[in-house]
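To be precise, the following lines are run.txt, and they hold compact mmCIF, C-alpha atoms.
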```
# COMPACT_ATOMS: atom_id res chain seq x y z
CA MET A 1 0.00 0.00 0.00
CA SER A 2 2.84 2.35 0.86
CA ASP A 3 4.51 1.44 -2.43
CA MET A 4 1.37 2.43 -4.39
CA THR A 5 1.12 5.74 -2.50
CA GLY A 6 4.77 6.46 -3.26
CA ASP A 7 4.26 5.67 -6.96
CA THR A 8 1.25 8.02 -7.12
CA ALA A 9 3.17 10.80 -5.45
CA SER A 10 6.10 10.33 -7.81
CA LEU A 11 3.74 10.43 -10.83
CA SER A 12 2.13 13.64 -9.53
CA GLU A 13 5.55 15.21 -9.00
CA ALA A 14 6.60 14.18 -12.52
CA LYS A 15 3.39 15.62 -14.00
CA GLY A 16 3.84 18.85 -12.04
CA GLY A 17 7.44 19.10 -13.19
CA SER A 18 6.37 18.50 -16.81
CA ASP A 19 3.72 21.24 -16.60
CA ALA A 20 6.25 23.63 -15.06
CA ALA A 21 8.72 22.89 -17.87
CA ARG A 22 6.01 23.46 -20.49
CA ILE A 23 4.98 26.72 -18.84
CA SER A 24 8.55 27.95 -18.88
CA GLU A 25 8.94 26.98 -22.54
CA VAL A 26 5.65 28.66 -23.47
CA LYS A 27 6.60 31.83 -21.58
CA ALA A 28 9.98 31.98 -23.26
CA TRP A 29 8.42 31.48 -26.71
CA LEU A 30 5.70 34.07 -26.13
CA THR A 31 8.29 36.58 -24.84
CA SER A 32 10.48 36.10 -27.90
CA GLN A 33 7.55 36.43 -30.32
CA PHE A 34 6.07 39.53 -28.69
CA GLU A 35 9.49 41.19 -28.27
CA SER A 36 10.20 40.69 -31.97
CA ALA A 37 6.92 42.52 -32.67
CA GLY A 38 7.73 45.25 -30.10
CA LYS A 39 4.84 44.41 -27.76
CA GLN A 40 4.33 43.11 -24.23
CA VAL A 41 2.96 39.65 -23.46
CA ALA A 42 -0.69 39.84 -22.41
CA SER A 43 -1.59 38.34 -19.03
CA PHE A 44 -3.85 35.25 -18.98
CA ASP A 45 -4.52 32.17 -16.86
CA TYR A 46 -2.20 29.23 -17.49
CA THR A 47 -4.61 26.27 -17.52
CA HIS A 48 -3.70 22.75 -18.49
CA ARG A 49 -5.59 23.07 -21.77
CA SER A 50 -4.11 26.45 -22.71
CA ILE A 51 -0.60 25.26 -21.80
CA ALA A 52 -0.99 22.17 -23.99
CA HIS A 53 -2.31 24.21 -26.94
CA LEU A 54 0.37 26.90 -26.64
CA HIS A 55 3.09 24.28 -26.23
CA ASN A 56 1.97 22.59 -29.45
CA LEU A 57 2.01 25.97 -31.22
CA ALA A 58 5.45 26.76 -29.83
CA THR A 59 6.81 23.39 -30.92
CA ALA A 60 5.39 23.77 -34.44
CA SER A 61 6.63 27.38 -34.68
CA GLN A 62 10.12 26.46 -33.53
CA ALA A 63 10.25 23.57 -35.99
CA LYS A 64 9.19 25.82 -38.88
CA SER A 65 11.57 28.56 -37.76
CA GLN A 66 14.42 26.07 -37.67
CA ALA A 67 13.49 24.77 -41.14
CA ALA A 68 13.27 28.34 -42.46
CA THR A 69 16.66 29.13 -40.95
CA ILE A 70 18.18 26.09 -42.66
CA VAL A 71 16.65 27.08 -46.02
CA ALA A 72 17.76 30.70 -45.59
CA ASN A 73 21.29 29.60 -44.76
CA ASP A 74 21.29 27.37 -47.82
CA PHE A 75 20.11 30.26 -50.00
CA ARG A 76 22.77 32.53 -48.51
CA GLN A 77 25.45 29.93 -49.20
CA LYS A 78 24.23 29.50 -52.78
CA ALA A 79 24.13 33.27 -53.26
CA SER A 80 27.72 33.58 -52.01
CA GLU A 81 28.75 30.77 -54.35
CA TYR A 82 26.95 32.44 -57.27
CA ARG A 83 28.62 35.77 -56.45
CA ALA A 84 32.03 34.09 -56.29
CA GLN A 85 31.39 32.32 -59.59
CA ALA A 86 30.22 35.59 -61.15
CA ALA A 87 33.41 37.29 -59.93
CA ARG A 88 35.52 34.52 -61.49
CA VAL A 89 33.59 34.74 -64.76
CA ARG A 90 33.97 38.53 -64.73
CA GLU A 91 37.74 38.18 -64.21
CA ILE A 92 37.97 35.67 -67.05
CA LEU A 93 36.00 37.95 -69.37
CA GLU A 94 38.10 40.97 -68.40
CA SER A 95 41.33 39.05 -68.97
CA ALA A 96 40.02 38.02 -72.40
CA GLY A 97 39.07 41.61 -73.23
CA MET A 98 35.33 40.83 -73.11
CA ALA A 99 34.30 42.89 -70.12
CA GLN A 100 30.73 44.28 -70.12
CA GLU A 101 32.03 47.85 -70.40
CA SER A 102 34.10 47.05 -73.51
CA LEU A 103 31.28 45.17 -75.34
CA PRO A 104 28.98 46.94 -77.80
CA SER A 105 25.49 47.84 -76.59
CA ASN A 106 23.80 45.40 -78.99
CA VAL A 107 25.89 42.53 -77.63
CA VAL A 108 25.01 43.51 -74.05
CA SER A 109 21.32 43.73 -74.91
CA SER A 110 21.48 40.36 -76.71
CA ALA A 111 23.18 38.77 -73.70
CA GLN A 112 20.55 40.30 -71.43
CA VAL A 113 17.79 38.90 -73.64
CA LEU A 114 19.52 35.50 -73.61
CA ALA A 115 19.68 35.62 -69.83
CA ASN A 116 16.02 36.59 -69.56
CA VAL A 117 15.05 33.72 -71.88
CA ALA A 118 17.13 31.32 -69.78
CA ASN A 119 15.39 32.53 -66.62
CA LEU A 120 12.03 32.20 -68.36
CA LEU A 121 12.83 28.65 -69.46
CA ASN A 122 14.18 27.90 -65.96
CA ILE A 123 17.61 26.72 -67.15
CA ARG A 124 20.89 27.28 -65.33
CA ASP A 125 23.17 27.77 -68.33
CA THR A 126 23.10 29.11 -71.86
CA GLU A 127 24.09 25.92 -73.63
CA LEU A 128 22.24 25.18 -76.87
CA SER A 129 21.29 21.71 -75.63
CA SER A 130 19.66 23.22 -72.54
CA PHE A 131 17.67 25.59 -74.71
CA LEU A 132 16.63 22.75 -77.02
CA VAL A 133 15.54 20.58 -74.09
CA ALA A 134 13.58 23.49 -72.58
CA MET A 135 11.97 24.29 -75.94
CA GLY A 136 11.06 20.61 -76.37
CA ASP A 137 9.47 20.61 -72.92
CA ILE A 138 7.53 23.76 -73.78
CA SER A 139 6.42 22.15 -77.07
CA LEU A 140 5.16 19.08 -75.21
CA ARG A 141 3.34 21.26 -72.73
CA LYS A 142 1.90 23.29 -75.60
CA THR A 143 0.73 20.08 -77.31
CA GLY A 144 -0.93 18.95 -74.08
CA VAL A 145 -2.63 22.30 -73.66
CA GLU A 146 -3.82 22.19 -77.29
CA GLU A 147 -5.24 18.69 -76.77
CA LYS A 148 -7.02 19.81 -73.62
CA ARG A 149 -8.26 22.87 -75.47
CA ALA A 150 -9.54 20.73 -78.37
CA LYS A 151 -11.31 18.41 -75.92
CA ALA A 152 -12.79 21.39 -74.10
CA GLN A 153 -13.89 22.84 -77.44
CA LYS A 154 -15.51 19.53 -78.38
CA ASP A 155 -17.30 19.34 -75.03
CA SER A 156 -18.35 22.96 -75.46
CA ASN A 157 -19.78 22.19 -78.91
CA VAL A 158 -21.70 19.22 -77.50
CA LEU A 159 -23.07 21.35 -74.68
CA LEU A 160 -23.91 24.10 -77.16
CA ASP A 161 -25.80 21.57 -79.30
CA TYR A 162 -27.70 20.35 -76.23
CA THR A 163 -28.43 23.96 -75.33
CA ARG A 164 -29.81 24.69 -78.80
CA LYS A 165 -32.02 21.61 -78.66
CA ALA A 166 -33.18 22.55 -75.17
CA ILE A 167 -34.01 26.07 -76.36
CA GLN A 168 -35.94 24.68 -79.33
CA ARG A 169 -37.81 22.29 -77.06
CA LEU A 170 -38.56 25.11 -74.64
CA THR A 171 -39.85 27.30 -77.48
CA TYR A 172 -42.07 24.44 -78.71
CA LEU A 173 -43.42 23.85 -75.20
CA LYS A 174 -44.11 27.55 -74.75
CA LYS A 175 -46.00 27.53 -78.06
CA ILE A 176 -48.06 24.52 -76.97
CA LEU A 177 -48.71 26.19 -73.61
CA ALA A 178 -49.93 29.35 -75.36
CA GLN A 179 -52.24 27.27 -77.57
CA LEU A 180 -53.61 25.45 -74.55
CA GLU A 181 -54.18 28.74 -72.73
CA ASP A 182 -56.04 30.06 -75.81
CA ASP A 183 -58.21 26.90 -75.85
CA VAL A 184 -59.10 27.18 -72.16
CA VAL A 185 -62.04 29.60 -72.59
CA PRO A 186 -63.79 27.71 -75.44
CA CYS A 187 -63.20 24.40 -73.68
CA GLU A 188 -64.61 25.78 -70.45
CA SER A 189 -67.75 27.00 -72.25
CA GLN A 190 -68.09 23.61 -73.96
CA MET A 191 -67.63 21.85 -70.65
CA GLU A 192 -70.31 24.03 -69.06
CA ASN A 193 -72.64 23.14 -71.95
CA TRP A 194 -71.88 19.45 -71.49
CA LYS A 195 -72.43 19.79 -67.74
CA THR A 196 -75.81 21.41 -68.31
CA ASN A 197 -76.80 18.72 -70.82
CA LEU A 198 -75.62 16.05 -68.41
CA GLU A 199 -77.75 17.49 -65.62
CA VAL A 200 -80.78 17.60 -67.95
CA MET A 201 -80.15 14.01 -69.05
CA ALA A 202 -79.76 12.89 -65.43
CA ALA A 203 -83.09 14.55 -64.55
CA LYS A 204 -84.74 12.91 -67.57
CA GLU A 205 -83.25 9.57 -66.61
CA GLU A 206 -84.67 9.89 -63.09
CA GLN A 207 -88.03 10.90 -64.52
CA TYR A 208 -88.09 7.95 -66.93
CA ILE A 209 -87.09 5.56 -64.15
CA GLN A 210 -89.97 6.81 -61.98
CA GLN A 211 -92.39 6.52 -64.91
CA TYR A 212 -91.18 3.01 -65.68
CA LYS A 213 -91.62 1.94 -62.06
CA LYS A 214 -95.09 3.49 -61.99
CA TYR A 215 -96.09 1.76 -65.24
CA GLU A 216 -94.69 -1.54 -64.01
CA GLN A 217 -96.67 -1.22 -60.76
CA MET A 218 -99.85 -0.40 -62.70
CA LEU A 219 -99.30 -3.44 -64.93
CA LEU A 220 -98.76 -5.69 -61.93
CA ASN A 221 -101.84 -4.31 -60.21
CA ARG A 222 -103.84 -4.91 -63.38
CA VAL A 223 -102.95 -8.60 -63.53
CA GLY A 224 -103.55 -8.93 -59.77
CA TYR A 225 -99.96 -9.30 -58.72
CA SER A 226 -99.11 -8.57 -55.12
CA PRO A 227 -95.63 -8.43 -53.61
CA ASN A 228 -96.93 -10.63 -50.79
CA ILE A 229 -97.46 -13.59 -53.16
CA SER A 230 -94.82 -16.18 -52.42
CA HIS A 231 -93.62 -19.18 -54.36
CA ARG A 232 -95.65 -21.52 -52.16
CA GLU A 233 -98.87 -19.62 -52.94
CA LEU A 234 -98.11 -19.71 -56.66
CA VAL A 235 -97.62 -23.46 -56.45
CA GLU A 236 -100.98 -23.81 -54.66
CA MET A 237 -102.72 -21.71 -57.32
CA ALA A 238 -101.17 -23.90 -60.04
CA GLU A 239 -102.48 -26.99 -58.28
CA HIS A 240 -105.99 -25.41 -58.09
CA ARG A 241 -105.78 -24.68 -61.79
CA LYS A 242 -104.96 -28.27 -62.53
CA GLU A 243 -107.93 -29.39 -60.44
CA LEU A 244 -110.22 -27.00 -62.32
CA GLU A 245 -108.90 -28.28 -65.64
CA LYS A 246 -109.55 -31.81 -64.43
CA MET A 247 -113.13 -30.81 -63.43
CA THR A 248 -113.86 -29.10 -66.76
CA LYS A 249 -112.35 -31.83 -68.91
CA PRO A 250 -115.55 -34.07 -68.89
CA VAL A 251 -117.61 -31.07 -69.96
CA VAL A 252 -115.20 -30.33 -72.81
CA ASP A 253 -115.28 -34.00 -73.87
CA THR A 254 -119.07 -33.95 -73.82
CA LEU A 255 -119.14 -30.85 -76.01
CA ARG A 256 -116.78 -32.49 -78.45
CA SER A 257 -119.07 -35.58 -78.57
CA TYR A 258 -121.95 -33.34 -79.51
CA GLN A 259 -120.18 -32.38 -82.69
CA ASP A 260 -120.93 -35.86 -84.14
CA LEU A 261 -124.72 -35.59 -83.53
CA PRO A 262 -127.15 -34.47 -86.26
CA PRO A 263 -127.96 -30.81 -85.86
CA ASP A 264 -131.17 -30.09 -84.00
CA LYS A 265 -131.92 -26.51 -83.13
CA ALA A 266 -133.96 -27.12 -80.00
CA LEU A 267 -131.63 -29.73 -78.56
CA ALA A 268 -128.63 -27.62 -79.45
CA ALA A 269 -130.13 -24.60 -77.69
CA LEU A 270 -130.80 -26.67 -74.56
CA ALA A 271 -127.31 -28.13 -74.65
CA ILE A 272 -125.79 -24.70 -75.10
CA GLU A 273 -127.70 -23.29 -72.15
CA ASP A 274 -126.66 -26.22 -70.02
CA LYS A 275 -123.03 -25.82 -70.95
CA LYS A 276 -123.23 -22.07 -70.26
CA ARG A 277 -124.53 -22.78 -66.77
CA GLN A 278 -121.73 -25.29 -66.23
CA PHE A 279 -119.08 -22.83 -67.48
CA ALA A 280 -120.49 -20.04 -65.32
CA ALA A 281 -120.42 -22.32 -62.28
CA ALA A 282 -116.83 -23.35 -63.07
CA GLU A 283 -115.73 -19.72 -63.56
CA LYS A 284 -117.44 -18.72 -60.32
CA TYR A 285 -115.72 -21.52 -58.48
CA LEU A 286 -112.35 -20.53 -60.02
CA GLU A 287 -112.82 -16.89 -58.98
CA GLU A 288 -113.73 -17.96 -55.45
CA VAL A 289 -110.63 -20.14 -55.22
CA LEU A 290 -108.37 -17.33 -56.53
CA GLN A 291 -109.97 -14.77 -54.21
CA SER A 292 -109.54 -17.04 -51.20
CA ALA A 293 -105.87 -17.62 -52.14
CA LEU A 294 -105.25 -13.86 -52.45
CA GLU A 295 -106.96 -13.16 -49.13
CA THR A 296 -104.89 -15.85 -47.47
CA SER A 297 -101.65 -14.34 -48.87
CA ASP A 298 -102.70 -10.83 -47.66
CA GLU A 299 -103.25 -12.12 -44.15
```
Would you mind giving the structure from this file in structure tokens?
Amino acid sequence: MSDMTGDTASLSEAKGGSDAARISEVKAWLTSQFESAGKQVASFDYTHRSIAHLHNLATASQAKSQAATIVANDFRQKASEYRAQAARVREILESAGMAQESLPSNVVSSAQVLANVANLLNIRDTELSSFLVAMGDISLRKTGVEEKRAKAQKDSNVLLDYTRKAIQRLTYLKKILAQLEDDVVPCESQMENWKTNLEVMAAKEEQYIQQYKKYEQMLLNRVGYSPNISHRELVEMAEHRKELEKMTKPVVDTLRSYQDLPPDKALAALAIEDKKRQFAAAEKYLEEVLQSALETSDE
């Protein structure tokens, strides 16, 4: 247990020492940066978060400053080397009688143009091979640019063609829209006329349906039909009809047998009267049976 407490204390001391070292580094970096700008360091609270952020900034700034110092030193060394080389070249030219002051103005201007072209082509010397290589590189780059330009021109032509077609389509649609807008008023009047005719036809249809139902009811009432008549009652009426036909069949047979007798006016008159009475009785019986069946169905 004592070992663990000692370890925790040592870790806390190490963390405190690390924060103190970071704070000192951050303060030194801030002081150097503000002093270089001629200003005083502003006062603020040194929290753990701010210390960490400022320490990261200080580390990154110092690394970049060191890299910039290295690059600057390299450039200074190269500049000193270039100046030394220029001095040697100047001495050689002066010893050969080709100093800049002794050369004609056109030669100086030509040399200056040659130097400017070399700088433009990004070459370090004025050798013909270097110029040829640079010109070849520029030609390749020019060819690439021309190919890209041709492709862009082709794409532009395609887009222009699509744009023309779209404009034509838009013009056609606008024309159709104008025609439709012109046809709205006549179509609305025609639709109102159709609506009126449809309402009239619907009213006529309703009227005809009512008249048909009324006529159908009158026809059913005329033949003695009643909605209360069921299938069973119709079957019973059919059976009564068969019984009546069975009852009237002997009378019909007797009448047919009279057709073979010699005609006698008196006997024929008596037979006719008798048959009339029989038919009247049969009709009366049939009416009574039908009336009783209808009354039974009404009940």
Leaving out region 104-118 of chain A and any residue of its chain fewer than 6 positions from it, which residues lie within 9 Å of it when counting only C-alpha atoms, given as a VMD selection string?
chain A and resid 124 to 126 130 to 131
One decimal, in Å: what's the spacing between CA of Lys64 (chain A) and CA of Ser50 (chain A)?
20.9 Å
Measure the distance from CA of Leu120 (chain A) to CA of Ile138 (chain A) in Å and round it to one decimal.
11.0 Å
All residues 12 Å or closer to Ser24 (chain A), all atoms listed in the file, same chain fewer than 3 positions away omitted, as a PyMOL selection string:
chain A and resi 17-21+27-31+46+51+54-55+58
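Between CA of Gln210 (chain A) and CA of Thr196 (chain A) lies a distance of 21.3 Å.
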Which of A:Glu205, A:Ile23, A:Ser65, A:Met247 sits closest to Arg49 (chain A) [using only C-alpha atoms]
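Going through A:Glu205, A:Ile23, A:Ser65, A:Met247 one by one, the smallest distance to Arg49 (chain A) is for A:Ile23.
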Where's the centre, and what are the edge lengths in Å to one decimal, of a box along x, y and z enclosing all listed atoms of region 268-272 of chain A padded 6 Å per side, as lines of an AutoDock Vina configuration file?
```
center_x = -128.3
center_y = -26.4
center_z = -77.0
size_x = 17.0
size_y = 15.5
size_z = 16.9
```
Nearby residues, (-119.9, -31.9, -68.2) file frame, 12 Å, all atoms listed in the file, as JSON, numbers by chain
{"A": [245, 246, 247, 248, 249, 250, 251, 252, 253, 254, 255, 256, 257, 258, 271, 272, 274, 275, 276, 277, 278, 279, 281, 282]}
Min atom-atom distance to Glu287 (chain A) from the set A:Arg241, A:Arg141, A:Lys78, A:Arg22, counting only C-alpha atoms, belongs to A:Arg241
Complete region 46-66 of chain A at the level of N, CA, C and O atoms, written as a PDB file, in the coordinates of the input.
```pdb
ATOM      1  N   TYR A  46      -2.878  30.401 -16.919  1.00  0.00           N
ATOM      2  CA  TYR A  46      -2.200  29.230 -17.490  1.00  0.00           C
ATOM      3  C   TYR A  46      -2.943  27.972 -17.020  1.00  0.00           C
ATOM      4  O   TYR A  46      -2.664  27.432 -15.956  1.00  0.00           O
ATOM      5  N   THR A  47      -3.905  27.525 -17.821  1.00  0.00           N
ATOM      6  CA  THR A  47      -4.610  26.270 -17.520  1.00  0.00           C
ATOM      7  C   THR A  47      -3.908  25.125 -18.249  1.00  0.00           C
ATOM      8  O   THR A  47      -3.058  25.346 -19.126  1.00  0.00           O
ATOM      9  N   HIS A  48      -4.310  23.923 -17.854  1.00  0.00           N
ATOM     10  CA  HIS A  48      -3.700  22.750 -18.490  1.00  0.00           C
ATOM     11  C   HIS A  48      -3.990  22.720 -19.988  1.00  0.00           C
ATOM     12  O   HIS A  48      -3.113  22.401 -20.807  1.00  0.00           O
ATOM     13  N   ARG A  49      -5.217  23.085 -20.354  1.00  0.00           N
ATOM     14  CA  ARG A  49      -5.590  23.070 -21.770  1.00  0.00           C
ATOM     15  C   ARG A  49      -4.851  24.135 -22.563  1.00  0.00           C
ATOM     16  O   ARG A  49      -4.341  23.873 -23.660  1.00  0.00           O
ATOM     17  N   SER A  50      -4.802  25.374 -21.996  1.00  0.00           N
ATOM     18  CA  SER A  50      -4.110  26.450 -22.710  1.00  0.00           C
ATOM     19  C   SER A  50      -2.609  26.173 -22.822  1.00  0.00           C
ATOM     20  O   SER A  50      -1.988  26.454 -23.852  1.00  0.00           O
ATOM     21  N   ILE A  51      -2.027  25.590 -21.760  1.00  0.00           N
ATOM     22  CA  ILE A  51      -0.600  25.260 -21.800  1.00  0.00           C
ATOM     23  C   ILE A  51      -0.317  24.242 -22.903  1.00  0.00           C
ATOM     24  O   ILE A  51       0.647  24.366 -23.674  1.00  0.00           O
ATOM     25  N   ALA A  52      -1.192  23.208 -22.976  1.00  0.00           N
ATOM     26  CA  ALA A  52      -0.990  22.170 -23.990  1.00  0.00           C
ATOM     27  C   ALA A  52      -1.096  22.765 -25.397  1.00  0.00           C
ATOM     28  O   ALA A  52      -0.281  22.479 -26.288  1.00  0.00           O
ATOM     29  N   HIS A  53      -2.120  23.616 -25.615  1.00  0.00           N
ATOM     30  CA  HIS A  53      -2.310  24.210 -26.940  1.00  0.00           C
ATOM     31  C   HIS A  53      -1.141  25.133 -27.307  1.00  0.00           C
ATOM     32  O   HIS A  53      -0.592  25.053 -28.422  1.00  0.00           O
ATOM     33  N   LEU A  54      -0.743  25.992 -26.367  1.00  0.00           N
ATOM     34  CA  LEU A  54       0.370  26.900 -26.640  1.00  0.00           C
ATOM     35  C   LEU A  54       1.686  26.158 -26.815  1.00  0.00           C
ATOM     36  O   LEU A  54       2.534  26.556 -27.631  1.00  0.00           O
ATOM     37  N   HIS A  55       1.853  25.064 -26.069  1.00  0.00           N
ATOM     38  CA  HIS A  55       3.090  24.280 -26.230  1.00  0.00           C
ATOM     39  C   HIS A  55       3.147  23.651 -27.612  1.00  0.00           C
ATOM     40  O   HIS A  55       4.221  23.597 -28.247  1.00  0.00           O
ATOM     41  N   ASN A  56       2.003  23.146 -28.091  1.00  0.00           N
ATOM     42  CA  ASN A  56       1.970  22.590 -29.450  1.00  0.00           C
ATOM     43  C   ASN A  56       2.292  23.673 -30.483  1.00  0.00           C
ATOM     44  O   ASN A  56       3.039  23.440 -31.443  1.00  0.00           O
ATOM     45  N   LEU A  57       1.720  24.871 -30.297  1.00  0.00           N
ATOM     46  CA  LEU A  57       2.010  25.970 -31.220  1.00  0.00           C
ATOM     47  C   LEU A  57       3.491  26.349 -31.171  1.00  0.00           C
ATOM     48  O   LEU A  57       4.116  26.596 -32.211  1.00  0.00           O
ATOM     49  N   ALA A  58       4.033  26.404 -29.956  1.00  0.00           N
ATOM     50  CA  ALA A  58       5.450  26.760 -29.830  1.00  0.00           C
ATOM     51  C   ALA A  58       6.335  25.721 -30.493  1.00  0.00           C
ATOM     52  O   ALA A  58       7.303  26.072 -31.196  1.00  0.00           O
ATOM     53  N   THR A  59       6.006  24.449 -30.307  1.00  0.00           N
ATOM     54  CA  THR A  59       6.810  23.390 -30.920  1.00  0.00           C
ATOM     55  C   THR A  59       6.759  23.481 -32.436  1.00  0.00           C
ATOM     56  O   THR A  59       7.793  23.392 -33.124  1.00  0.00           O
ATOM     57  N   ALA A  60       5.531  23.669 -32.987  1.00  0.00           N
ATOM     58  CA  ALA A  60       5.390  23.770 -34.440  1.00  0.00           C
ATOM     59  C   ALA A  60       6.103  25.017 -34.966  1.00  0.00           C
ATOM     60  O   ALA A  60       6.780  24.974 -36.001  1.00  0.00           O
ATOM     61  N   SER A  61       5.976  26.150 -34.243  1.00  0.00           N
ATOM     62  CA  SER A  61       6.630  27.380 -34.680  1.00  0.00           C
ATOM     63  C   SER A  61       8.141  27.252 -34.667  1.00  0.00           C
ATOM     64  O   SER A  61       8.831  27.693 -35.608  1.00  0.00           O
ATOM     65  N   GLN A  62       8.673  26.638 -33.610  1.00  0.00           N
ATOM     66  CA  GLN A  62      10.120  26.460 -33.530  1.00  0.00           C
ATOM     67  C   GLN A  62      10.633  25.547 -34.629  1.00  0.00           C
ATOM     68  O   GLN A  62      11.699  25.793 -35.225  1.00  0.00           O
ATOM     69  N   ALA A  63       9.833  24.489 -34.923  1.00  0.00           N
ATOM     70  CA  ALA A  63      10.250  23.570 -35.990  1.00  0.00           C
ATOM     71  C   ALA A  63      10.271  24.292 -37.339  1.00  0.00           C
ATOM     72  O   ALA A  63      11.221  24.163 -38.131  1.00  0.00           O
ATOM     73  N   LYS A  64       9.240  25.089 -37.610  1.00  0.00           N
ATOM     74  CA  LYS A  64       9.190  25.820 -38.880  1.00  0.00           C
ATOM     75  C   LYS A  64      10.266  26.896 -38.935  1.00  0.00           C
ATOM     76  O   LYS A  64      10.864  27.145 -39.994  1.00  0.00           O
ATOM     77  N   SER A  65      10.506  27.542 -37.789  1.00  0.00           N
ATOM     78  CA  SER A  65      11.570  28.560 -37.760  1.00  0.00           C
ATOM     79  C   SER A  65      12.931  27.938 -38.031  1.00  0.00           C
ATOM     80  O   SER A  65      13.755  28.489 -38.779  1.00  0.00           O
ATOM     81  N   GLN A  66      13.154  26.755 -37.447  1.00  0.00           N
ATOM     82  CA  GLN A  66      14.420  26.070 -37.670  1.00  0.00           C
ATOM     83  C   GLN A  66      14.568  25.665 -39.137  1.00  0.00           C
ATOM     84  O   GLN A  66      15.639  25.823 -39.735  1.00  0.00           O
TER      85      GLN A  66
END
```
